[in-house]
$ cat query_31.txt   # compact mmCIF, C-alpha atoms
# COMPACT_ATOMS: atom_id res chain seq x y z
CA MET I 175 133.49 89.73 71.29
CA SER I 176 134.78 86.58 72.94
CA SER I 177 136.55 86.50 76.28
CA PRO I 178 140.34 86.88 76.04
CA ASP I 179 141.08 83.47 77.60
CA VAL I 180 138.99 81.56 75.04
CA PRO I 181 140.93 80.18 72.05
CA LYS I 182 140.18 81.79 68.72
CA LEU I 183 137.72 79.98 66.45
CA GLY I 184 140.18 79.97 63.58
CA SER I 185 142.75 78.01 65.56
CA THR I 186 143.19 74.26 65.22
CA PRO I 187 141.18 72.56 68.01
CA VAL I 188 142.69 70.02 70.38
CA ARG I 189 139.45 68.02 70.48
CA PRO I 190 137.07 67.44 67.57
CA ARG I 191 135.12 70.65 67.02
CA VAL I 192 131.35 70.64 66.59
CA LEU I 193 130.35 74.05 65.20
CA VAL I 194 126.77 75.22 65.76
CA GLY I 195 125.13 78.30 64.27
CA VAL I 196 123.05 80.10 66.94
CA ASP I 197 120.56 82.87 66.16
CA GLY I 198 118.13 82.73 69.07
CA SER I 199 115.45 80.73 67.25
CA GLU I 200 113.94 77.47 68.45
CA ASP I 201 115.50 75.74 65.44
CA ALA I 202 118.94 76.99 66.48
CA LEU I 203 118.41 75.71 70.02
CA ARG I 204 117.43 72.36 68.53
CA ALA I 205 120.72 72.47 66.61
CA VAL I 206 122.56 73.07 69.88
CA ARG I 207 120.89 70.01 71.41
CA TYR I 208 121.88 67.88 68.43
CA GLY I 209 125.40 69.28 68.44
CA LYS I 210 125.73 68.45 72.12
CA GLY I 211 124.82 64.84 71.40
CA PHE I 212 127.37 64.63 68.60
CA ALA I 213 130.04 66.25 70.79
CA ASP I 214 129.29 63.68 73.49
CA GLY I 215 129.76 60.87 70.98
CA CYS I 216 133.10 62.10 69.64
CA ASP I 217 134.37 63.59 72.93
CA GLY I 218 134.45 66.93 71.19
CA GLU I 219 134.23 70.63 71.90
CA LEU I 220 131.03 72.56 71.23
CA TRP I 221 131.59 75.88 69.46
CA LEU I 222 128.58 78.19 69.43
CA VAL I 223 128.70 81.01 66.91
CA HIS I 224 126.32 83.89 66.31
CA ALA I 225 127.12 85.86 63.16
CA VAL I 226 126.01 89.49 62.89
CA ASP I 227 125.37 90.01 59.20
CA ASP I 228 127.35 93.10 58.22
CA GLY I 229 125.10 93.41 55.16
CA VAL I 230 122.16 94.54 57.32
CA LEU I 231 124.07 97.18 59.25
CA THR I 232 123.08 99.78 56.64
CA GLY I 233 119.37 100.32 56.06
CA GLY I 234 117.64 101.02 52.76
CA TRP I 235 117.63 104.81 53.35
CA GLY I 236 121.24 104.96 54.44
CA VAL I 237 120.37 104.46 58.10
CA MET I 238 123.29 102.95 60.00
CA TYR I 239 122.49 100.38 62.67
CA ASP I 240 124.68 100.15 65.74
CA PRO I 241 126.51 96.79 65.50
CA THR I 242 126.78 96.62 69.29
CA ILE I 243 122.98 96.37 69.55
CA LEU I 244 122.93 93.42 67.15
CA ALA I 245 125.89 91.90 68.97
CA ASP I 246 123.99 92.15 72.26
CA VAL I 247 121.16 90.16 70.68
CA GLY I 248 123.68 87.52 69.67
CA THR I 249 125.19 87.45 73.15
CA GLU I 250 121.75 86.82 74.60
CA ALA I 251 121.14 83.99 72.12
CA LEU I 252 124.45 82.40 73.05
CA LYS I 253 123.66 82.75 76.76
CA GLU I 254 120.36 80.93 76.25
CA ALA I 255 122.20 78.06 74.57
CA GLN I 256 124.84 77.96 77.32
CA ASP I 257 122.17 78.01 80.04
CA TRP I 258 120.56 74.96 78.45
CA LEU I 259 123.90 73.16 78.23
CA ALA I 260 124.38 73.81 81.96
CA THR I 261 121.11 71.98 82.70
CA VAL I 262 122.46 68.83 81.02
CA ASP I 263 125.90 69.13 82.69
CA PHE I 264 127.91 69.53 79.50
CA PRO I 265 131.46 70.44 80.61
CA THR I 266 131.96 74.20 80.51
CA ASP I 267 135.60 73.82 79.49
CA ARG I 268 134.39 72.21 76.25
CA ILE I 269 132.06 75.09 75.37
CA HIS I 270 133.27 78.11 73.41
CA ALA I 271 130.89 80.89 72.35
CA GLU I 272 131.53 83.93 70.18
CA VAL I 273 129.67 86.69 68.36
CA MET I 274 131.30 87.45 65.02
CA ILE I 275 130.70 90.09 62.36
CA GLY I 276 130.00 88.72 58.89
CA HIS I 277 127.46 86.92 56.77
CA PRO I 278 126.42 83.74 58.62
CA THR I 279 127.19 81.50 55.64
CA ALA I 280 130.66 82.96 55.13
CA VAL I 281 131.49 82.85 58.85
CA LEU I 282 130.44 79.23 59.33
CA ALA I 283 132.03 78.11 56.06
CA ASP I 284 135.37 79.67 57.04
CA LEU I 285 135.30 78.07 60.47
CA SER I 286 134.29 74.68 59.12
CA GLU I 287 137.85 74.03 57.92
CA HIS I 288 138.87 72.95 61.43
CA SER I 289 135.53 71.40 62.40
CA ARG I 290 134.30 67.83 62.51
CA MET I 291 130.71 68.86 61.91
CA VAL I 292 128.60 71.98 61.36
CA VAL I 293 125.03 71.97 62.67
CA VAL I 294 122.35 74.52 61.78
CA GLY I 295 118.60 74.75 62.24
CA ARG I 296 116.16 74.62 59.35
CA ARG I 297 113.76 77.51 59.80
CA ALA I 298 111.41 76.72 56.88
CA GLN I 299 108.35 74.98 58.31
CA GLY I 300 105.55 74.94 55.76
CA GLY I 301 103.96 76.11 52.55
CA LEU I 302 105.99 77.97 49.97
CA GLU I 303 108.76 78.50 52.53
CA ARG I 304 109.49 74.76 52.49
CA MET I 305 110.37 74.89 48.79
CA PHE I 306 113.35 77.13 49.51
CA VAL I 307 114.50 75.35 52.70
CA GLY I 308 116.57 78.29 53.89
CA SER I 309 119.26 80.39 52.26
CA THR I 310 121.86 79.67 54.93
CA SER I 311 121.35 75.91 54.67
CA VAL I 312 121.60 75.89 50.88
CA SER I 313 124.59 78.22 50.77
CA LEU I 314 126.44 76.28 53.46
CA ALA I 315 125.93 73.02 51.59
CA ALA I 316 127.96 74.48 48.75
CA THR I 317 130.74 75.98 50.85
CA VAL I 318 131.38 74.02 54.06
CA LYS I 319 134.56 71.98 54.29
CA CYS I 320 133.12 69.30 56.56
CA PRO I 321 129.77 67.49 56.85
CA LEU I 322 126.75 69.72 57.48
CA THR I 323 123.77 68.61 59.56
CA ILE I 324 120.45 70.42 59.20
CA ILE I 325 117.71 69.93 61.79
CA SER I 326 114.28 71.41 62.43
CA ALA I 327 112.59 71.95 65.77
CA ALA I 328 109.23 71.63 64.01
CA SER I 329 109.81 68.22 62.38
CA THR I 330 112.21 66.81 64.99
CA PRO I 331 111.26 68.21 68.41
CA GLN I 332 112.13 64.99 70.21
CA PRO I 333 115.66 63.82 71.11
CA THR I 334 117.18 61.81 68.29
CA GLY I 335 118.44 58.27 68.81
CA GLY I 336 115.22 56.41 69.46
CA GLN I 337 115.05 54.61 66.10
CA GLY I 338 118.46 52.95 66.39
CA ARG I 339 119.12 53.35 62.66
CA VAL I 340 121.19 55.67 60.47
CA ALA I 341 120.58 55.73 56.71
CA VAL I 342 122.81 56.66 53.77
CA ALA I 343 121.21 57.35 50.40
CA VAL I 344 123.38 56.03 47.56
CA THR I 345 122.97 57.39 44.05
CA THR I 346 125.81 55.70 42.17
CA PRO I 347 128.19 53.67 44.37
CA GLU I 348 131.35 55.24 42.99
CA ARG I 349 130.06 58.76 43.84
CA SER I 350 128.87 57.83 47.33
CA GLN I 351 132.13 56.78 48.97
CA LYS I 352 132.43 59.78 51.29
CA ALA I 353 128.78 59.64 52.34
CA LEU I 354 129.08 55.92 53.06
CA ALA I 355 132.25 56.40 55.08
CA TRP I 356 130.55 59.09 57.14
CA GLY I 357 127.57 56.78 57.66
CA PHE I 358 129.82 54.08 59.11
CA GLU I 359 131.44 56.67 61.41
CA GLU I 360 128.03 57.86 62.61
CA ALA I 361 126.84 54.33 63.25
CA ARG I 362 130.02 53.54 65.17
CA TRP I 363 129.88 56.48 67.58
CA ARG I 364 126.19 55.89 68.15
CA LYS I 365 127.23 52.34 69.17
CA SER I 366 123.90 50.51 69.18
CA HIS I 367 122.85 51.88 65.78
CA SER I 368 122.65 49.93 62.56
CA LEU I 369 123.45 51.44 59.17
CA VAL I 370 120.91 51.27 56.37
CA VAL I 371 122.23 51.79 52.83
CA VAL I 372 119.36 52.89 50.57
CA HIS I 373 119.37 53.01 46.78
CA VAL I 374 116.30 53.92 44.72
CA VAL I 375 115.93 52.51 41.21
CA PRO I 376 113.83 55.07 39.29
CA PRO I 377 110.90 54.31 36.98
CA GLU I 378 111.69 53.65 33.32
CA PRO I 379 112.02 56.80 31.17
CA LYS I 380 109.09 57.59 28.90
CA GLY I 381 109.16 58.66 25.27
CA LEU I 382 109.50 57.26 21.76
CA PHE I 383 113.24 57.82 21.54
CA LYS I 384 114.15 56.42 24.94
CA ALA I 385 116.10 53.16 24.90
CA LYS I 386 114.24 50.33 26.56
CA PRO I 387 115.91 49.58 29.91
CA PRO I 388 116.64 46.04 31.16
CA PRO I 389 113.87 44.27 33.08
CA LEU I 390 113.23 45.68 36.56
CA GLU I 391 114.41 42.52 38.32
CA GLN I 392 117.72 42.75 36.49
CA ARG I 393 118.12 46.44 37.36
CA LEU I 394 117.43 45.76 41.04
CA ALA I 395 119.83 42.84 41.16
CA ARG I 396 122.62 44.77 39.44
CA ALA I 397 122.21 47.71 41.83
CA GLN I 398 122.37 45.34 44.79
CA GLN I 399 125.58 43.76 43.48
CA GLU I 400 127.25 47.14 42.88
CA ILE I 401 126.41 48.37 46.36
CA GLU I 402 127.60 45.19 48.03
CA ALA I 403 130.92 45.46 46.16
CA VAL I 404 131.47 49.00 47.42
CA LEU I 405 130.61 47.96 50.99
CA VAL I 406 133.23 45.17 51.17
CA PRO I 407 136.17 47.33 52.38
CA LEU I 408 133.94 49.38 54.67
CA ARG I 409 132.50 46.28 56.32
CA ALA I 410 136.06 45.10 56.94
CA GLU I 411 137.08 48.47 58.42
CA TYR I 412 133.98 48.70 60.63
CA PRO I 413 133.24 45.10 61.68
CA ASP I 414 131.23 46.34 64.68
CA VAL I 415 128.66 48.16 62.50
CA GLU I 416 125.56 46.22 61.52
CA VAL I 417 124.72 46.97 57.87
CA GLU I 418 121.61 46.34 55.84
CA THR I 419 120.94 47.33 52.25
CA GLU I 420 117.63 48.40 50.76
CA VAL I 421 117.31 48.58 46.99
CA ARG I 422 113.90 49.99 46.15
CA TYR I 423 111.94 50.89 43.04
CA GLY I 424 110.19 54.25 42.95
CA VAL I 425 110.58 58.01 43.00
CA ALA I 426 113.71 58.94 44.96
CA ILE I 427 112.37 61.97 46.81
CA GLU I 428 109.20 60.19 47.97
CA THR I 429 111.09 57.07 49.03
CA LEU I 430 113.74 58.98 50.99
CA ILE I 431 111.19 61.17 52.79
CA GLN I 432 109.39 58.00 53.87
CA GLU I 433 112.73 56.62 55.07
CA THR I 434 113.29 59.66 57.33
CA ALA I 435 110.35 58.56 59.48
CA THR I 436 112.19 55.34 60.43
CA VAL I 437 115.75 56.54 61.06
CA ASP I 438 117.55 58.97 63.38
CA LEU I 439 119.61 60.50 60.59
CA LEU I 440 119.66 60.50 56.80
CA ILE I 441 123.00 61.10 55.08
CA LEU I 442 123.08 62.48 51.55
CA GLY I 443 126.07 63.02 49.30
CA VAL I 444 126.34 66.29 47.38
CA HIS I 445 128.79 66.52 44.51
CA SER I 446 131.16 69.22 43.32
CA HIS I 447 130.40 71.04 40.08
CA PRO I 448 133.07 72.87 38.06
CA VAL I 449 130.90 75.98 37.64
CA THR I 450 128.46 76.19 40.56
CA GLY I 451 130.75 74.50 43.08
CA VAL I 452 128.19 71.90 44.17
CA THR I 453 125.36 69.87 42.69
CA PHE I 454 122.28 70.59 44.82
CA GLY I 455 119.38 69.06 42.92
CA GLY I 456 115.67 68.71 43.48
CA VAL I 457 115.94 65.48 45.44
CA VAL I 458 118.25 67.00 48.04
CA ARG I 459 116.15 70.17 48.31
CA GLY I 460 112.94 68.18 48.61
CA VAL I 461 114.31 65.89 51.29
CA LEU I 462 115.66 68.84 53.28
CA ALA I 463 112.29 70.57 53.10
CA HIS I 464 110.21 67.60 54.24
CA ALA I 465 112.56 65.31 56.22
CA LEU I 466 111.24 63.97 59.53
CA CYS I 467 114.74 63.55 60.95
CA PRO I 468 118.03 65.45 60.78
CA VAL I 469 119.82 65.35 57.43
CA THR I 470 123.60 65.38 56.99
CA LEU I 471 125.10 66.55 53.71
CA VAL I 472 128.56 65.22 52.83
CA ARG I 473 130.61 66.60 49.94
$ encode --input "query_31.txt" --output "structure tokens"
Amino acid sequence: MSSPDVPKLGSTPVRPRVLVGVDGSEDALRAVRYGKGFADGCDGELWLVHAVDDGVLTGGWGVMYDPTILADVGTEALKEAQDWLATVDFPTDRIHAEVMIGHPTAVLADLSEHSRMVVVGRRAQGGLERMFVGSTSVSLAATVKCPLTIISAASTPQPTGGQGRVAVAVTTPERSQKALAWGFEEARWRKSHSLVVVHVVPPEPKGLFKAKPPPLEQRLARAQQEIEAVLVPLRAEYPDVEVETEVRYGVAIETLIQETATVDLLILGVHSHPVTGVTFGGVVRGVLAHALCPVTLVR
């Protein structure tokens, strides 16, 4: 469903590839806008993909839907995205658009192998829907082979970049290396941006059988020392990136959501699990549901 002269999406790109899921929604168009900004920063190609879910081609009563009708809907969604890109003079030779048959998560995950970044919209906007964030977002976080950025037109309607700050949330320093490295890369291509490294020291555990933790001042100081030690080689590799560290005491999800109001991007690390494939806990889900800026997940 792509033109014959356009390179196939599975091929290795010459330029960095920014892959954007497009479904015709306002959130998807917001993802295109963000992807365009990232492609500008890395001098990359913008790949727009609409996936026709083959699982919905058969109805509940055995009714078969014509895939060409659904493909036409996808073509229209891609055209809308391309029309917007034309208004901002993004080079047409760096735009590739294709309608593909397959579950959106599987399609984007497969194509992420040769991508620098995947960007999708977050369609959940309020109420109970926020608790579940979006099945595509959650599934992609467990399967993509490159960083995944999730953005919402509802919470982030304005162009990003106005805050001049990118934040990385650090759980334990030794498990946050990839997220930190991506944070330095983001701050570098954004040029004027500073990088904020945030670590939240949680409240003391309650209960009779819980060991008494060290004094809070000692816990904060130790966390600061551990983070600074991990940052030493990264500071040397990225001397042009301004870095500040914030070690805070409180509830992680509340603290990080507050942080999203003051930065252009929050970067979270997600960790592999031998059974489920990825650790995607309540903090990550909560931040994705309520973030006031785009969120990038790095495995």
$ atom_distance --input "query_31.txt" --atom1 "CA of Leu259 in chain I" --atom2 "CA of Arg189 in chain I"
18.1 Å
$ atom_distance --input "query_31.txt" --atom1 "CA of Ile325 in chain I" --atom2 "CA of Thr345 in chain I"
22.4 Å
$ closest_residue --input "query_31.txt" --among "I:Pro321, I:Gly443, I:Lys386, I:Leu285" --to "Pro347 in chain I" --atoms "all atoms listed in the file"
I:Gly443
$ closest_residue --input "query_31.txt" --among "I:Gln256, I:Thr470, I:Gln399, I:Thr266" --to "Cys320 in chain I" --atoms "only C-alpha atoms"
I:Thr470
$ closest_residue --input "query_31.txt" --among "I:Ala202, I:Leu466, I:Leu405, I:Ile269" --to "Thr334 in chain I" --atoms "only C-alpha atoms"
I:Leu466
$ axis_aligned_box --input "query_31.txt" --around "range 398-414 of chain I" --padding-each-side "6 Å" --output "lines of an AutoDock Vina configuration file"
center_x = 129.7
center_y = 46.6
center_z = 53.8
size_x = 26.7
size_y = 17.6
size_z = 33.8
$ residues_around --input "query_31.txt" --residues "Val294 in chain I" --least-positions-apart "2" --cutoff "10 Å" --atoms "all atoms listed in the file" --output "NGL selection string"
:I and (193-197 or 201-206 or 208-209 or 282 or 292 or 296-297 or 310-311 or 314 or 322-326)
$ closest_residue --input "query_31.txt" --among "I:Leu252, I:Val415, I:Ala395, I:Val437" --to "Gly338 in chain I" --atoms "all atoms listed in the file"
I:Val437
$ closest_residue --input "query_31.txt" --among "I:His373, I:Arg290, I:Arg409, I:Arg191" --to "Leu394 in chain I" --atoms "only C-alpha atoms"
I:His373
$ atom_distance --input "query_31.txt" --atom1 "CA of Leu471 in chain I" --atom2 "CA of Leu442 in chain I"
5.0 Å
$ closest_residue --input "query_31.txt" --among "I:Ile427, I:Gly335, I:Ala245, I:Pro190" --to "Met274 in chain I" --atoms "all atoms listed in the file"
I:Ala245
$ residues_around --input "query_31.txt" --residues "Glu348 in chain I" --least-positions-apart "3" --cutoff "10 Å" --atoms "all atoms listed in the file" --output "list in words"
Val344, Thr345, Gln351, Lys352, Glu400, Ile401 and Val404 of chain I
$ write_last_selection --input "query_31.txt" --atoms "C-alpha atoms" --output "PDB file, in the frame of the given file"
ATOM      1  CA  VAL I 344     123.380  56.030  47.560  1.00  0.00           C
ATOM      2  CA  THR I 345     122.970  57.390  44.050  1.00  0.00           C
ATOM      3  CA  GLN I 351     132.130  56.780  48.970  1.00  0.00           C
ATOM      4  CA  LYS I 352     132.430  59.780  51.290  1.00  0.00           C
ATOM      5  CA  GLU I 400     127.250  47.140  42.880  1.00  0.00           C
ATOM      6  CA  ILE I 401     126.410  48.370  46.360  1.00  0.00           C
ATOM      7  CA  VAL I 404     131.470  49.000  47.420  1.00  0.00           C
TER       8      VAL I 404
END
$ residues_around --input "query_31.txt" --residues "Asp246 in chain I" --least-positions-apart "6" --cutoff "12 Å" --atoms "only C-alpha atoms" --output "list of chain:residue names"
I:Met175, I:Asp197, I:Gly198, I:His224, I:Ala225, I:Val226, I:Asp240, I:Leu252, I:Lys253, I:Glu272, I:Val273, I:Met274
